[in-house]
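J.: Handing over final10.txt, compact mmCIF, C-alpha atoms.
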# COMPACT_ATOMS: atom_id res chain seq x y z
CA MET A 20 0.00 0.00 0.00
CA LYS A 21 1.38 3.35 -1.08
CA ILE A 22 1.12 6.56 0.97
CA PRO A 23 2.19 9.88 -0.52
CA PHE A 24 4.19 12.36 1.53
CA ASP A 25 5.43 15.88 1.06
CA VAL A 26 9.12 15.65 0.15
CA THR A 27 9.62 19.23 1.39
CA ASP A 28 8.17 18.45 4.85
CA ARG A 29 10.51 18.09 7.84
CA LEU A 30 9.23 14.60 8.67
CA ILE A 31 7.50 11.78 6.85
CA ARG A 32 4.09 11.94 8.51
CA LEU A 33 1.81 8.93 8.14
CA PRO A 34 -1.86 8.54 9.04
CA VAL A 35 -2.40 6.03 11.85
CA TYR A 36 -5.67 4.67 13.20
CA LEU A 37 -5.74 3.79 16.88
CA ARG A 38 -8.52 2.28 18.94
CA GLY A 39 -8.60 2.44 22.72
CA PRO A 40 -11.17 2.38 25.53
CA ARG A 41 -12.54 5.83 24.53
CA GLY A 42 -13.08 4.97 20.88
CA GLU A 43 -11.54 5.45 17.46
CA HIS A 44 -8.84 8.01 16.79
CA ARG A 45 -6.68 9.03 13.87
CA PHE A 46 -3.34 10.75 14.27
CA GLN A 47 -0.22 11.47 12.28
CA PHE A 48 2.86 9.49 13.27
CA ALA A 49 6.36 10.12 11.99
CA LEU A 50 8.15 7.34 10.17
CA ASP A 51 11.27 6.52 12.21
CA THR A 52 13.45 3.74 10.88
CA ALA A 53 15.91 4.45 13.70
CA ALA A 54 13.37 3.58 16.39
CA THR A 55 13.53 0.04 17.77
CA ARG A 56 9.95 0.27 18.95
CA SER A 57 6.96 2.33 17.91
CA ALA A 58 5.87 4.99 20.34
CA ALA A 59 3.07 7.41 21.04
CA SER A 60 2.91 10.65 22.90
CA GLY A 61 1.39 10.32 26.37
CA LEU A 62 -1.12 12.98 25.29
CA VAL A 63 -2.34 10.69 22.52
CA LEU A 64 -2.55 7.61 24.74
CA GLU A 65 -4.53 9.52 27.37
CA LEU A 66 -6.98 10.57 24.65
CA LEU A 67 -7.40 6.91 23.75
CA GLY A 68 -8.40 6.25 27.33
CA TYR A 69 -5.21 4.78 28.74
CA HIS A 70 -3.39 5.87 31.86
CA GLN A 71 0.35 6.03 32.36
CA SER A 72 0.04 3.60 35.29
CA GLN A 73 -0.99 0.90 32.77
CA ALA A 74 2.36 1.16 30.98
CA VAL A 75 4.51 -1.73 32.13
CA GLY A 76 8.25 -2.03 32.46
CA GLN A 77 10.81 0.68 32.48
CA HIS A 78 12.73 0.70 29.23
CA GLN A 79 15.69 2.91 28.73
CA VAL A 80 15.18 4.93 25.56
CA ARG A 81 18.32 6.28 24.00
CA ALA A 82 17.76 8.91 21.38
CA GLY A 83 20.06 11.22 19.57
CA SER A 84 18.51 13.96 21.64
CA GLY A 85 19.02 12.27 25.02
CA GLY A 86 17.67 9.45 27.17
CA VAL A 87 14.50 8.76 29.11
CA ARG A 88 12.88 5.77 30.88
CA VAL A 89 9.48 4.79 29.51
CA GLY A 90 6.89 2.04 29.90
CA LEU A 91 5.16 -0.06 27.27
CA LEU A 92 1.42 -0.14 26.73
CA SER A 93 -0.60 -2.34 24.37
CA VAL A 94 -3.17 -0.42 22.35
CA ALA A 95 -6.26 -2.39 21.38
CA ARG A 96 -5.82 -1.77 17.68
CA LEU A 97 -3.37 0.05 15.44
CA THR A 98 -3.81 0.33 11.68
CA ALA A 99 -1.33 1.85 9.27
CA PHE A 100 -0.60 1.13 5.62
CA GLY A 101 -3.83 -0.88 5.61
CA ARG A 102 -2.27 -3.36 8.04
CA THR A 103 -3.92 -3.91 11.41
CA GLU A 104 -2.17 -4.99 14.58
CA LEU A 105 -4.14 -5.98 17.67
CA ASN A 106 -2.75 -5.32 21.15
CA PHE A 107 0.22 -3.58 19.61
CA PRO A 108 2.82 -2.39 22.15
CA LEU A 109 3.67 1.31 22.10
CA GLN A 110 6.16 3.18 24.22
CA TRP A 111 4.55 5.85 26.37
CA LEU A 112 6.64 8.87 25.43
CA PRO A 113 6.41 11.92 27.68
CA LEU A 114 6.67 14.29 24.74
CA PRO A 115 5.86 17.93 25.42
CA PRO A 116 2.99 19.26 23.27
CA ALA A 117 5.33 21.61 21.43
CA THR A 118 7.13 18.69 19.77
CA MET A 119 4.13 18.47 17.44
CA LEU A 120 4.59 14.71 17.22
CA ASP A 121 1.74 12.29 17.87
CA GLY A 122 3.95 9.24 17.70
CA LEU A 123 6.55 7.23 15.86
CA LEU A 124 6.16 4.19 13.64
CA GLY A 125 9.32 2.22 14.29
CA LEU A 126 11.04 -0.94 13.18
CA ASP A 127 8.78 -3.30 15.15
CA PHE A 128 5.90 -2.37 12.85
CA PHE A 129 7.91 -2.98 9.70
CA ARG A 130 9.88 -6.14 10.51
CA GLY A 131 9.19 -8.94 8.06
CA HIS A 132 7.95 -6.50 5.44
CA VAL A 133 9.40 -4.52 2.58
CA LEU A 134 9.37 -0.77 3.13
CA GLU A 135 10.11 1.42 0.14
CA ILE A 136 10.71 5.15 0.60
CA ASP A 137 10.88 7.22 -2.55
CA PHE A 138 12.22 10.70 -1.77
CA VAL A 139 12.03 11.71 -5.43
CA ARG A 140 8.39 10.88 -6.16
CA GLY A 141 7.32 11.37 -2.52
CA TYR A 142 5.75 8.12 -1.42
CA VAL A 143 6.20 5.36 1.12
CA GLU A 144 5.06 1.88 0.22
CA LEU A 145 4.73 -1.21 2.36
CA ASP A 146 5.16 -4.52 0.57
CA PRO A 147 5.30 -3.07 -2.96
CA GLU A 148 4.26 -5.38 -5.73
CA ARG A 149 7.33 -7.04 -7.20
CA LYS A 150 7.50 -6.46 -10.91
CA PRO A 151 8.53 -9.27 -13.27
CA TRP A 152 12.20 -8.99 -14.20
CA TRP A 153 11.34 -8.19 -17.80
CA ARG A 154 9.56 -4.98 -16.68
CA PHE A 155 12.75 -3.53 -15.25
CA TRP A 156 12.22 -0.18 -16.99
CA ARG A 157 9.12 0.74 -14.91
CA MET B 8 -24.81 25.22 16.04
CA THR B 9 -25.09 23.03 12.99
CA LEU B 10 -21.85 21.55 11.77
CA THR B 11 -21.27 21.05 8.11
CA TYR B 12 -19.12 18.41 6.52
CA GLN B 13 -15.88 19.82 5.15
CA THR B 14 -13.41 18.19 2.84
CA MET B 15 -9.77 18.07 3.89
CA THR B 16 -8.97 20.66 1.22
CA GLU B 17 -11.48 23.05 2.80
CA ILE B 18 -10.14 22.31 6.28
CA GLU B 19 -6.54 22.89 5.19
CA ARG B 20 -7.53 26.19 3.62
CA ALA B 21 -9.42 27.39 6.69
CA TYR B 22 -7.16 26.26 9.54
CA LEU B 23 -3.59 26.56 8.32
CA ASN B 24 -0.98 26.03 11.05
CA GLU B 25 -3.57 24.92 13.58
CA TRP B 26 -4.51 21.70 15.35
CA VAL B 27 -7.96 20.56 14.25
CA LEU B 28 -10.39 18.22 16.00
CA ILE B 29 -12.41 16.43 13.33
CA ASP B 30 -15.49 14.41 14.25
CA GLN B 31 -16.76 11.46 12.24
CA PRO B 32 -13.86 11.65 9.77
CA THR B 33 -14.06 9.89 6.46
CA THR B 34 -10.86 8.17 5.43
CA ASP B 35 -9.36 6.30 2.55
CA GLU B 36 -7.86 2.83 2.85
CA THR B 37 -4.59 4.29 4.19
CA GLN B 38 -6.47 6.05 7.04
CA ASN B 39 -5.74 9.42 5.47
CA VAL B 40 -8.51 11.81 6.46
CA LEU B 41 -10.63 12.97 3.53
CA GLY B 42 -13.01 15.18 5.49
CA GLY B 43 -15.29 15.46 8.49
CA TYR B 44 -16.96 17.84 10.92
CA VAL B 45 -14.59 20.32 12.55
CA LEU B 46 -15.54 20.52 16.22
CA PHE B 47 -12.67 22.69 17.38
CA HIS B 48 -9.43 24.22 16.18
CA SER B 49 -6.60 26.03 17.87
CA GLN B 50 -2.91 26.75 17.63
CA ASP B 51 -2.69 25.29 21.14
CA ARG B 52 -2.58 21.52 20.92
CA LEU B 53 -3.53 21.09 24.59
CA GLU B 54 -6.76 23.03 24.07
CA VAL B 55 -7.72 20.67 21.26
CA HIS B 56 -6.90 17.60 23.36
CA ALA B 57 -8.90 19.00 26.29
CA ARG B 58 -11.92 19.51 24.04
CA ALA B 59 -11.55 15.97 22.68
CA MET B 60 -11.57 14.59 26.23
CA GLU B 61 -14.98 16.22 26.79
CA LEU B 62 -16.64 14.32 23.94
CA PRO B 63 -19.08 11.55 24.82
CA ILE B 64 -17.68 8.03 24.55
CA PRO B 65 -17.24 6.28 22.17
CA VAL B 66 -15.54 8.87 20.04
CA ASN B 67 -14.71 8.66 16.36
CA ILE B 68 -12.30 11.50 15.76
CA ALA B 69 -9.12 12.65 14.07
CA ILE B 70 -6.70 15.20 15.45
CA TRP B 71 -4.63 16.66 12.65
CA TYR B 72 -2.01 19.36 12.52
CA ILE B 73 -2.64 21.42 9.41
CA GLY B 74 0.44 22.80 7.81
CA GLU B 75 4.11 22.28 7.75
CA ILE B 76 6.40 21.97 10.73
CA PRO B 77 8.09 25.33 11.31
CA GLU B 78 11.46 25.90 9.66
CA ASP B 79 13.22 26.45 12.97
CA VAL B 80 12.20 23.02 14.33
CA LEU B 81 14.63 20.15 13.81
CA TYR B 82 14.06 16.54 14.85
CA LEU B 83 16.72 14.12 15.96
CA LEU B 84 14.65 11.04 16.69
Could I get this structure in the form of structure tokens?
T.:
Amino acid sequence: MKIPFDVTDRLIRLPVYLRGPRGEHRFQFALDTAATRSAASGLVLELLGYHQSQAVGQHQVRAGSGGVRVGLLSVARLTAFGRTELNFPLQWLPLPPATMLDGLLGLDFFRGHVLEIDFVRGYVELDPERKPWWRFWR
Amino acid sequence: MTLTYQTMTEIERAYLNEWVLIDQPTTDETQNVLGGYVLFHSQDRLEVHARAMELPIPVNIAIWYIGEIPEDVLYLL
């Protein structure tokens, strides 16, 4: 499934559907191929109806911008690229509102799949259709 | 107040550089929002989240930032 993005934007922002105890929500997550695990802002997870006390474990998150200890929380449903994951674990990130990030789609969402990022045409595609070898020119 | 359905193009035109709370959003197969009913909008993200928390459960909403991330913001994720 192919998702267009603005090649001039600062981040690759992807639409993500999340379902929690309070209902159905749609946010924009940043694509982060440097993130071991996907994550969501605590603000977003609270909107879904979760509480920080439900996040289990204390994982050390090392980022280029510093380190923080966070817990993991399973959201009832996460859908991106037309692919749905049930009880998908997300890191509870204590991001300040000014970061303008709702969350990160990290490597755990993409493992076992082919992710194609085209910075020229401006699209991200998960599991692109493989073309026959004799159609190499397209 | 009667809300009218707005397409994403209309929403982007009306609320540039704001956070928008969209009720009953219509989406395509990639979950990209195509339109909906704008319940609230603000440059303050926390105000939009607070308004979303007041909605009766179960909600069916989208919270979208309209516009580009400011030039002076860099991310090192």
J.: Give as a VMD selection string every residue of chain A that touches chain B within 10 Å, counting all atoms listed in the file.
T.: chain A and resid 20 to 23 25 27 to 30 33 to 47 49 to 54 62 to 63 65 to 68 81 to 85 98 to 102 115 to 121 123
J.: Which residue is closest to His78 (chain A)? Choose from A:Val143, A:Ser93, A:Gly61, A:Trp111 and count all atoms listed in the file.
T.: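 That would be A:Trp111, the residue with the smallest distance to His78 (chain A).
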J.: What is the distance between CA of Glu148 (chain A) and CA of Phe129 (chain A), in Å to one decimal?
T.: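 Atom-to-atom, CA of Glu148 (chain A) to CA of Phe129 (chain A), that is 16.0 Å.
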J.: So that I can see what lies close to Gln50 (chain B), please list as a list in words the residues with an atom at most 10 Å from it, counting all atoms listed in the file and leaving out residues fewer than 6 positions away in the same chain.
T.: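 Close residues of Gln50 (chain B): Tyr22, Leu23, Asn24, Glu25, Trp26, Val27, Tyr72 and Ile73 of chain B.
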J.: Find the residues around Leu91 (chain A) up to 8 Å (all atoms listed in the file counted), leave out those fewer than 5 positions away in its own chain, and share them as a list in words.
T.: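 Here the qualifying residues turn out to be Ala74, Val75, Gly76, Gln77, His78, Pro108, Leu109, Gln110 and Trp111 of chain A.
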J.: Report, in Å with one decimal, the straight-line distance from CA of Ile136 (chain A) to CA of Arg149 (chain A).
T.: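 Distance between the two atoms: 14.9 Å.
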J.: What is the CA of Gly125 (chain A)-CA of Phe48 (chain A) distance in Å, reported with one decimal?
T.: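 Going from CA of Gly125 (chain A) over to CA of Phe48 (chain A) covers 9.8 Å.
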J.: Hey, which of B:Thr33, B:Ala21, B:Tyr44, B:Leu28 ends up closest to Thr9 (chain B)? Count all atoms listed in the file.
T.: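 Closest to Thr9 (chain B) of all the choices is B:Tyr44.
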